[in-house]
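> Data: upload_28.txt, compact mmCIF, C-alpha atoms.
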```
# COMPACT_ATOMS: atom_id res chain seq x y z
CA MET A 1 -42.01 -30.94 -101.71
CA VAL A 2 -44.49 -30.36 -98.85
CA ALA A 3 -46.57 -33.32 -99.96
CA THR A 4 -43.50 -35.54 -100.06
CA GLY A 5 -42.65 -34.55 -96.50
CA GLU A 6 -46.17 -35.27 -95.32
CA HIS A 7 -46.16 -38.69 -96.96
CA LEU A 8 -42.80 -39.43 -95.35
CA TYR A 9 -44.21 -38.79 -91.89
CA ASP A 10 -47.13 -41.11 -92.70
CA LEU A 11 -44.80 -44.06 -93.33
CA PRO A 12 -44.96 -46.93 -90.82
CA GLU A 13 -42.21 -47.00 -88.20
CA ASP A 14 -40.57 -50.12 -89.63
CA CYS A 15 -40.30 -48.43 -93.06
CA ILE A 16 -38.64 -45.35 -91.56
CA SER A 17 -36.24 -47.53 -89.58
CA SER A 18 -35.37 -49.52 -92.73
CA ILE A 19 -34.55 -46.26 -94.53
CA ILE A 20 -32.36 -44.99 -91.68
CA CYS A 21 -30.53 -48.33 -91.55
CA LEU A 22 -29.36 -47.70 -95.12
CA THR A 23 -27.67 -44.43 -94.12
CA SER A 24 -24.84 -43.91 -91.61
CA PRO A 25 -24.53 -43.17 -87.88
CA ARG A 26 -23.92 -39.50 -88.70
CA ASP A 27 -27.06 -39.36 -90.86
CA ALA A 28 -29.10 -41.14 -88.18
CA LEU A 29 -28.13 -38.49 -85.64
CA LYS A 30 -29.03 -35.71 -88.07
CA LEU A 31 -32.39 -37.29 -88.86
CA SER A 32 -33.16 -37.57 -85.15
CA LEU A 33 -33.23 -33.76 -85.06
CA VAL A 34 -35.86 -33.50 -87.79
CA SER A 35 -38.88 -34.49 -85.70
CA SER A 36 -40.00 -36.47 -82.68
CA ILE A 37 -41.04 -39.33 -84.99
CA PHE A 38 -37.58 -39.60 -86.52
CA ARG A 39 -35.99 -39.22 -83.10
CA SER A 40 -37.89 -42.14 -81.62
CA VAL A 41 -37.17 -44.36 -84.64
CA ALA A 42 -33.50 -43.33 -84.79
CA GLU A 43 -33.03 -44.61 -81.25
CA LEU A 44 -34.35 -48.11 -81.94
CA ASP A 45 -32.04 -51.07 -81.41
CA CYS A 46 -32.69 -52.36 -84.94
CA VAL A 47 -31.25 -49.12 -86.38
CA TRP A 48 -28.05 -49.14 -84.36
CA ASP A 49 -27.66 -52.89 -84.75
CA ALA A 50 -27.27 -52.18 -88.48
CA PHE A 51 -24.37 -49.81 -87.73
CA LEU A 52 -22.55 -52.27 -85.47
CA PRO A 53 -20.07 -54.75 -86.99
CA SER A 54 -21.55 -58.21 -87.44
CA ASP A 55 -18.90 -59.68 -85.12
CA TRP A 56 -19.34 -57.15 -82.32
CA GLN A 57 -20.22 -59.89 -79.80
CA HIS A 58 -16.97 -61.74 -80.58
CA ILE A 59 -15.03 -58.49 -80.14
CA ALA A 60 -16.84 -57.77 -76.86
CA THR A 61 -15.68 -61.13 -75.42
CA LYS A 62 -12.08 -59.96 -75.88
CA SER A 63 -12.63 -56.73 -73.95
CA VAL A 64 -10.49 -56.33 -70.83
CA ALA A 65 -13.40 -54.68 -69.00
CA PRO A 66 -17.04 -55.83 -69.32
CA LEU A 67 -19.09 -53.61 -71.63
CA LYS A 68 -22.00 -51.83 -69.95
CA PHE A 69 -24.84 -50.59 -72.15
CA SER A 70 -28.63 -50.32 -72.02
CA SER A 71 -29.27 -50.13 -75.77
CA LYS A 72 -27.52 -50.78 -79.09
CA ARG A 73 -27.12 -47.02 -79.43
CA ASP A 74 -25.29 -46.94 -76.08
CA LEU A 75 -23.14 -49.86 -77.21
CA PHE A 76 -22.22 -48.08 -80.46
CA PHE A 77 -20.96 -44.99 -78.66
CA CYS A 78 -19.26 -47.12 -76.01
CA LEU A 79 -17.24 -48.74 -78.79
CA CYS A 80 -16.55 -45.35 -80.37
CA ASN A 81 -14.71 -44.40 -77.19
CA SER A 82 -12.29 -47.32 -77.67
CA ILE A 83 -11.93 -50.49 -75.62
CA LEU A 84 -8.86 -52.53 -74.72
CA ILE A 85 -8.79 -56.09 -76.06
CA HIS A 86 -6.28 -58.96 -76.30
CA ASP A 87 -5.15 -58.71 -72.66
CA GLY A 88 -4.78 -54.96 -73.01
CA ASN A 89 -2.26 -55.13 -75.85
CA LYS A 90 -4.62 -53.84 -78.54
CA SER A 91 -7.42 -51.29 -78.66
CA PHE A 92 -10.58 -51.41 -80.75
CA ALA A 93 -12.90 -48.57 -81.71
CA LEU A 94 -15.65 -47.67 -84.16
CA ASP A 95 -15.48 -44.58 -86.31
CA LYS A 96 -18.27 -42.27 -85.10
CA LEU A 97 -19.17 -41.07 -88.58
CA THR A 98 -19.24 -44.38 -90.44
CA GLY A 99 -19.22 -47.21 -87.89
CA LYS A 100 -16.09 -48.67 -89.51
CA LYS A 101 -13.60 -50.59 -87.37
CA ALA A 102 -10.31 -49.13 -86.14
CA TYR A 103 -7.48 -50.78 -84.21
CA VAL A 104 -4.31 -49.76 -82.41
CA MET A 105 -1.70 -52.48 -81.93
CA SER A 106 0.44 -51.67 -78.90
CA ALA A 107 4.24 -51.80 -79.02
CA LYS A 108 3.94 -55.22 -77.34
CA GLU A 109 2.07 -56.48 -80.42
CA LEU A 110 4.83 -55.31 -82.77
CA SER A 111 8.03 -56.99 -83.84
CA ILE A 112 10.85 -54.67 -82.72
CA LEU A 113 14.45 -55.59 -83.49
CA TYR A 114 16.27 -56.24 -80.17
CA GLY A 115 13.07 -55.20 -78.38
CA ASP A 116 13.80 -57.66 -75.57
CA GLU A 117 17.34 -56.33 -75.04
CA PRO A 118 17.46 -53.89 -72.06
CA THR A 119 20.58 -52.25 -73.47
CA HIS A 120 18.60 -51.16 -76.52
CA TRP A 121 14.96 -50.75 -75.45
CA ASN A 122 13.25 -49.81 -72.22
CA TRP A 123 9.65 -50.87 -71.58
CA LYS A 124 7.86 -48.48 -69.27
CA ALA A 125 4.47 -47.07 -68.30
CA ILE A 126 3.62 -43.46 -69.11
CA PRO A 127 0.34 -41.70 -68.24
CA GLU A 128 -0.23 -40.47 -71.81
CA SER A 129 -0.58 -43.98 -73.21
CA ARG A 130 -3.73 -46.11 -73.38
CA PHE A 131 -1.55 -49.19 -72.91
CA ALA A 132 0.27 -50.51 -69.85
CA GLU A 133 3.70 -50.10 -71.45
CA VAL A 134 5.40 -48.32 -74.32
CA ALA A 135 8.80 -49.02 -75.87
CA GLU A 136 11.51 -46.38 -75.43
CA LEU A 137 14.59 -46.60 -77.62
CA LYS A 138 17.75 -46.16 -75.55
CA THR A 139 20.43 -46.65 -78.18
CA ILE A 140 20.68 -48.70 -81.36
CA CYS A 141 22.17 -48.72 -84.85
CA ARG A 142 19.51 -50.75 -86.70
CA LEU A 143 15.97 -49.52 -86.17
CA GLU A 144 13.37 -52.04 -87.36
CA ILE A 145 9.69 -52.02 -86.36
CA GLN A 146 7.03 -54.22 -87.94
CA GLY A 147 3.33 -54.80 -87.38
CA LYS A 148 1.01 -57.41 -88.90
CA MET A 149 -2.74 -57.70 -89.16
CA LYS A 150 -5.33 -59.58 -91.21
CA THR A 151 -7.69 -57.84 -93.63
CA GLY A 152 -10.51 -60.03 -92.28
CA ASP A 153 -10.38 -58.08 -89.01
CA LEU A 154 -11.14 -54.80 -90.81
CA SER A 155 -14.36 -53.41 -92.26
CA PRO A 156 -14.94 -54.43 -95.88
CA ASN A 157 -15.02 -51.98 -98.81
CA THR A 158 -13.05 -49.45 -96.80
CA THR A 159 -9.85 -47.51 -97.37
CA TYR A 160 -7.57 -47.65 -94.33
CA GLY A 161 -4.54 -45.66 -93.28
CA ALA A 162 -1.77 -47.22 -91.17
CA TYR A 163 -0.01 -44.89 -88.73
CA LEU A 164 2.98 -45.28 -86.42
CA LEU A 165 2.17 -43.63 -83.07
CA MET A 166 5.24 -42.24 -81.28
CA LYS A 167 6.89 -39.54 -79.23
CA ILE A 168 10.35 -38.05 -79.62
CA SER A 169 12.06 -37.19 -76.34
CA ASP A 170 13.89 -33.92 -75.74
CA ARG A 171 17.12 -35.95 -75.41
CA SER A 172 16.71 -37.79 -78.73
CA PHE A 173 19.68 -38.16 -81.04
CA GLY A 174 20.42 -39.54 -84.49
CA LEU A 175 16.78 -40.09 -85.44
CA ASP A 176 16.66 -37.58 -88.29
CA SER A 177 20.20 -37.91 -89.62
CA ILE A 178 18.76 -39.97 -92.46
CA PRO A 179 15.14 -40.63 -93.47
CA SER A 180 13.58 -43.86 -92.26
CA GLU A 181 12.04 -46.17 -94.85
CA ILE A 182 8.38 -47.03 -94.30
CA SER A 183 6.28 -49.53 -96.24
CA ILE A 184 2.99 -51.37 -96.35
CA SER A 185 2.05 -54.54 -98.22
CA VAL A 186 -1.11 -56.64 -98.45
CA GLY A 187 -0.89 -60.31 -99.38
CA ASP A 188 1.03 -60.77 -102.59
CA GLN A 189 0.39 -57.21 -103.78
CA GLU A 190 3.31 -54.90 -104.54
CA THR A 191 4.86 -53.22 -101.50
CA VAL A 192 4.29 -49.46 -101.35
CA SER A 193 7.32 -47.65 -99.89
CA SER A 194 7.87 -44.11 -98.61
CA THR A 195 10.32 -42.24 -96.39
CA ALA A 196 10.02 -40.06 -93.30
CA TYR A 197 12.34 -38.07 -91.07
CA LEU A 198 11.78 -38.92 -87.40
CA ARG A 199 11.70 -35.39 -86.05
CA HIS A 200 9.11 -33.35 -84.19
CA PRO A 201 7.13 -31.16 -86.62
CA LYS A 202 7.93 -28.10 -84.47
CA SER A 203 11.67 -28.76 -84.27
CA LYS A 204 14.12 -26.48 -86.05
CA LYS A 205 17.50 -27.88 -86.93
CA LEU A 206 20.43 -25.60 -87.75
CA GLU A 207 22.60 -27.37 -90.29
CA SER A 208 26.24 -26.64 -90.89
CA LEU A 209 27.73 -27.14 -94.35
CA PHE A 210 29.43 -30.32 -93.07
CA TYR A 211 26.14 -31.66 -91.74
CA ARG A 212 24.30 -30.94 -94.99
CA ASN A 213 26.99 -32.74 -96.98
CA ARG A 214 26.75 -35.76 -94.68
CA VAL A 215 22.94 -35.80 -94.99
CA GLU A 216 23.14 -35.75 -98.77
CA THR A 217 25.59 -38.67 -98.67
CA LEU A 218 23.32 -40.68 -96.35
CA ASN A 219 20.17 -39.88 -98.32
CA ALA A 220 21.71 -41.44 -101.40
CA ARG A 221 21.56 -44.83 -99.63
CA VAL A 222 17.80 -44.66 -99.03
CA ASN A 223 15.21 -46.01 -101.45
CA LYS A 224 13.37 -43.12 -103.02
CA GLY A 225 9.66 -42.64 -102.39
CA GLU A 226 7.10 -40.13 -101.25
CA GLU A 227 8.27 -38.32 -98.12
CA LYS A 228 5.76 -38.57 -95.29
CA MET A 229 5.58 -35.84 -92.64
CA VAL A 230 5.30 -36.35 -88.89
CA ARG A 231 2.03 -34.91 -87.59
CA GLU A 232 1.04 -33.97 -84.05
CA ARG A 233 -2.28 -35.47 -82.93
CA GLU A 234 -4.89 -33.98 -80.63
CA ASP A 235 -3.99 -36.55 -77.95
CA GLY A 236 -0.37 -35.31 -77.82
CA TRP A 237 1.18 -38.23 -79.71
CA LEU A 238 2.95 -37.92 -83.03
CA GLU A 239 2.06 -40.03 -86.05
CA ILE A 240 3.52 -40.95 -89.42
CA GLU A 241 1.32 -42.43 -92.11
CA ILE A 242 3.04 -45.69 -93.07
CA GLY A 243 0.70 -46.15 -96.02
CA GLU A 244 -2.86 -46.94 -97.03
CA LEU A 245 -4.79 -49.92 -98.31
CA PHE A 246 -8.23 -50.69 -99.65
CA ASN A 247 -9.91 -53.65 -97.99
CA GLY A 248 -12.34 -55.12 -100.49
CA GLY A 249 -13.53 -57.72 -98.01
CA ASN A 250 -12.49 -60.69 -100.10
CA GLY A 251 -10.33 -63.19 -98.25
CA ASP A 252 -8.17 -62.75 -95.19
CA GLU A 253 -4.82 -61.46 -96.39
CA GLU A 254 -1.91 -60.40 -94.21
CA ILE A 255 -1.06 -56.71 -93.89
CA ILE A 256 2.60 -55.96 -93.13
CA MET A 257 3.60 -52.47 -91.97
CA LYS A 258 7.25 -51.53 -91.48
CA LEU A 259 9.55 -48.73 -90.42
CA MET A 260 13.29 -49.26 -90.90
CA GLU A 261 16.44 -47.19 -90.63
CA VAL A 262 19.36 -49.55 -91.18
CA LYS A 263 21.48 -47.67 -93.72
CA GLY A 264 22.88 -44.82 -91.64
CA TYR A 265 25.10 -47.09 -89.50
CA HIS A 266 24.97 -44.54 -86.68
CA ILE A 267 23.72 -44.55 -83.08
CA LYS A 268 20.22 -43.24 -82.44
CA GLY A 269 17.89 -43.03 -79.45
CA GLY A 270 15.03 -41.17 -77.79
CA LEU A 271 12.14 -42.64 -79.82
CA ILE A 272 9.05 -43.74 -77.86
CA ILE A 273 6.69 -46.18 -79.60
CA GLU A 274 3.07 -46.59 -78.51
CA GLY A 275 1.95 -48.72 -81.45
CA ILE A 276 0.52 -48.81 -84.96
CA GLU A 277 -3.00 -47.64 -85.71
CA LEU A 278 -5.21 -48.82 -88.58
CA ARG A 279 -8.17 -46.49 -89.06
CA PRO A 280 -10.62 -45.72 -91.91
CA LYS A 281 -9.83 -42.73 -94.09
CA HIS A 282 -12.62 -40.27 -94.94
```
Transcribe the structure of this file into structure tokens.

Amino acid sequence: MVATGEHLYDLPEDCISSIICLTSPRDALKLSLVSSIFRSVAELDCVWDAFLPSDWQHIATKSVAPLKFSSKRDLFFCLCNSILIHDGNKSFALDKLTGKKAYVMSAKELSILYGDEPTHWNWKAIPESRFAEVAELKTICRLEIQGKMKTGDLSPNTTYGAYLLMKISDRSFGLDSIPSEISISVGDQETVSSTAYLRHPKSKKLESLFYRNRVETLNARVNKGEEKMVREREDGWLEIEIGELFNGGNGDEEIIMKLMEVKGYHIKGGLIIEGIELRPKH
């Protein structure tokens, strides 16, 4: 084993860099701690260029703010911190561990039923959001939210999760009277459907016998599927996994992600939508 290590250190710099390029950003950082030789090679532009998406220059032209970097390594970590693109209505980031692409489509990029009706939705700025505006549900009977994206924009040979990013106000009402139906479809593949109750994971609801009977009646109207749970993120937002997909990298198919609650026929409000995130799953 000692001899193998010695021979490894005797390898030319371009050979070491070629080996590191075949690993991952996480592995490159670990290898940089092994020795000064590995550290100097692991910082080369050719190494970090291999971890950047091939279309990074095209993505950079869409950035709201000019990207400032002195090396490809700096650029990689700049993109890991997320940048706003498409006039600030979408964010792009790289996964720090794998270098895979991730996107968040803002509420402005989504199709929201009656989203342009002030009686139903209020568009406002809040400091917690990365975007200029979020959509706040005032009152509505039919809740329909849809996002679309192309598989060609994602990293190939990668499993992605799609997540609705939201908040539930303290004055919310009617959101968890019946589970919402969520679904994801890719091209002409079969739609994968699930359900989710729009309630804060820390909330505790006291249910009377009458309420439980009503819930059972309403639930019977909803298409059955795996029940997804609302999760609280580190950034303070809540998320529901709409579904997952594997992007094989062949073609440029349309991804459709939906959340609907149209079968309760009751008034609901207090939901705040930031957007839909597509990120690689580990």
> What would the list of residues within 7 Å of (-8.4, -50.7, -96.8) (file frame) look like as an NGL selection string, if only C-alpha atoms are what count?
:A and (158-160 or 244-248)
> Write out as a CSV table (one decimal) with C-alpha atoms, keeping the file's coordinate frame which residues come within 8 Å of Gly264 in chain A when counting only C-alpha atoms, dropping same-chain ones fewer than 3 positions away.

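Saved to part_8.csv:
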```csv
chain,number,residue,atom,x,y,z
A,141,CYS,CA,22.2,-48.7,-84.8
A,177,SER,CA,20.2,-37.9,-89.6
A,178,ILE,CA,18.8,-40.0,-92.5
A,218,LEU,CA,23.3,-40.7,-96.4
A,261,GLU,CA,16.4,-47.2,-90.6
```
> Counting all atoms listed in the file, find the residues whose atoms lie at most 8 Å from (-9.6, -51.2, -78.8) (file coordinates) and write them out as a list in words.
Ser63, Ser82, Ile83, Leu84, Ile85, Lys90, Ser91, Phe92, Ala93, Ala102, Tyr103 and Val104 of chain A
> Which residues are near Cys21 in chain A? Cut-off 9 Å, all atoms listed in the file, ignore same chain within fewer than 4 positions. Put them as a ChimeraX atom specification.
/A:16-17,25,28,42,46-51
> For the selection you just gave me, I'd like the residues written to a file as a CSV table (one decimal), in the frame of the given file, keeping C-alpha atoms.

```
chain,number,residue,atom,x,y,z
A,16,ILE,CA,-38.6,-45.4,-91.6
A,17,SER,CA,-36.2,-47.5,-89.6
A,25,PRO,CA,-24.5,-43.2,-87.9
A,28,ALA,CA,-29.1,-41.1,-88.2
A,42,ALA,CA,-33.5,-43.3,-84.8
A,46,CYS,CA,-32.7,-52.4,-84.9
A,47,VAL,CA,-31.2,-49.1,-86.4
A,48,TRP,CA,-28.0,-49.1,-84.4
A,49,ASP,CA,-27.7,-52.9,-84.8
A,50,ALA,CA,-27.3,-52.2,-88.5
A,51,PHE,CA,-24.4,-49.8,-87.7
```
> Separation of CA of Leu238 in chain A and CA of Glu253 in chain A, in Å?
28.2 Å
> Could you check which of A:Phe76, A:Trp237, A:Tyr197, A:Tyr114 is closest to Pro53 in chain A, using all atoms listed in the file?
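Closest candidate: A:Phe76.
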> Kindly output range 21-37 of chain A as an mmCIF file, in the frame of the given file, after building N, CA, C and O atoms.

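What landed in part.cif:
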```cif
data_model
loop_
_atom_site.group_PDB
_atom_site.id
_atom_site.type_symbol
_atom_site.label_atom_id
_atom_site.label_comp_id
_atom_site.auth_asym_id
_atom_site.auth_seq_id
_atom_site.Cartn_x
_atom_site.Cartn_y
_atom_site.Cartn_z
ATOM 1 N N CYS A 21 -31.565 -47.290 -91.594
ATOM 2 C CA CYS A 21 -30.530 -48.330 -91.550
ATOM 3 C C CYS A 21 -29.624 -48.312 -92.777
ATOM 4 O O CYS A 21 -28.484 -48.791 -92.733
ATOM 5 N N LEU A 22 -30.122 -47.759 -93.873
ATOM 6 C CA LEU A 22 -29.360 -47.700 -95.120
ATOM 7 C C LEU A 22 -28.459 -46.465 -95.181
ATOM 8 O O LEU A 22 -27.746 -46.279 -96.170
ATOM 9 N N THR A 23 -28.500 -45.636 -94.142
ATOM 10 C CA THR A 23 -27.670 -44.430 -94.120
ATOM 11 C C THR A 23 -26.400 -44.693 -93.310
ATOM 12 O O THR A 23 -25.748 -45.700 -93.486
ATOM 13 N N SER A 24 -26.044 -43.789 -92.447
ATOM 14 C CA SER A 24 -24.840 -43.910 -91.610
ATOM 15 C C SER A 24 -25.149 -43.405 -90.222
ATOM 16 O O SER A 24 -26.175 -42.732 -90.007
ATOM 17 N N PRO A 25 -24.290 -43.694 -89.232
ATOM 18 C CA PRO A 25 -24.530 -43.170 -87.880
ATOM 19 C C PRO A 25 -24.654 -41.645 -87.858
ATOM 20 O O PRO A 25 -25.507 -41.103 -87.144
ATOM 21 N N ARG A 26 -23.833 -40.970 -88.657
ATOM 22 C CA ARG A 26 -23.920 -39.500 -88.700
ATOM 23 C C ARG A 26 -25.285 -39.061 -89.224
ATOM 24 O O ARG A 26 -25.912 -38.149 -88.677
ATOM 25 N N ASP A 27 -25.760 -39.723 -90.293
ATOM 26 C CA ASP A 27 -27.060 -39.360 -90.860
ATOM 27 C C ASP A 27 -28.192 -39.672 -89.881
ATOM 28 O O ASP A 27 -29.167 -38.913 -89.795
ATOM 29 N N ALA A 28 -28.060 -40.770 -89.154
ATOM 30 C CA ALA A 28 -29.100 -41.140 -88.180
ATOM 31 C C ALA A 28 -29.226 -40.072 -87.101
ATOM 32 O O ALA A 28 -30.341 -39.722 -86.684
ATOM 33 N N LEU A 29 -28.103 -39.547 -86.652
ATOM 34 C CA LEU A 29 -28.130 -38.490 -85.640
ATOM 35 C C LEU A 29 -28.741 -37.214 -86.182
ATOM 36 O O LEU A 29 -29.479 -36.514 -85.491
ATOM 37 N N LYS A 30 -28.447 -36.903 -87.448
ATOM 38 C CA LYS A 30 -29.030 -35.710 -88.070
ATOM 39 C C LYS A 30 -30.541 -35.865 -88.236
ATOM 40 O O LYS A 30 -31.303 -34.929 -87.983
ATOM 41 N N LEU A 31 -30.966 -37.048 -88.658
ATOM 42 C CA LEU A 31 -32.390 -37.290 -88.860
ATOM 43 C C LEU A 31 -33.164 -37.236 -87.542
ATOM 44 O O LEU A 31 -34.340 -36.869 -87.517
ATOM 45 N N SER A 32 -32.496 -37.593 -86.447
ATOM 46 C CA SER A 32 -33.160 -37.570 -85.150
ATOM 47 C C SER A 32 -33.535 -36.150 -84.716
ATOM 48 O O SER A 32 -34.363 -35.972 -83.814
ATOM 49 N N LEU A 33 -32.937 -35.162 -85.385
ATOM 50 C CA LEU A 33 -33.230 -33.760 -85.060
ATOM 51 C C LEU A 33 -34.383 -33.203 -85.887
ATOM 52 O O LEU A 33 -34.851 -32.094 -85.639
ATOM 53 N N VAL A 34 -34.826 -33.984 -86.881
ATOM 54 C CA VAL A 34 -35.860 -33.500 -87.790
ATOM 55 C C VAL A 34 -37.221 -33.403 -87.102
ATOM 56 O O VAL A 34 -37.936 -32.402 -87.226
ATOM 57 N N SER A 35 -37.572 -34.461 -86.365
ATOM 58 C CA SER A 35 -38.880 -34.490 -85.700
ATOM 59 C C SER A 35 -38.859 -35.524 -84.594
ATOM 60 O O SER A 35 -37.933 -36.350 -84.509
ATOM 61 N N SER A 36 -39.899 -35.498 -83.775
ATOM 62 C CA SER A 36 -40.000 -36.470 -82.680
ATOM 63 C C SER A 36 -40.173 -37.879 -83.230
ATOM 64 O O SER A 36 -39.722 -38.850 -82.619
ATOM 65 N N ILE A 37 -40.835 -38.001 -84.391
ATOM 66 C CA ILE A 37 -41.040 -39.330 -84.990
ATOM 67 C C ILE A 37 -39.692 -39.926 -85.396
ATOM 68 O O ILE A 37 -39.376 -41.070 -85.081
#
```
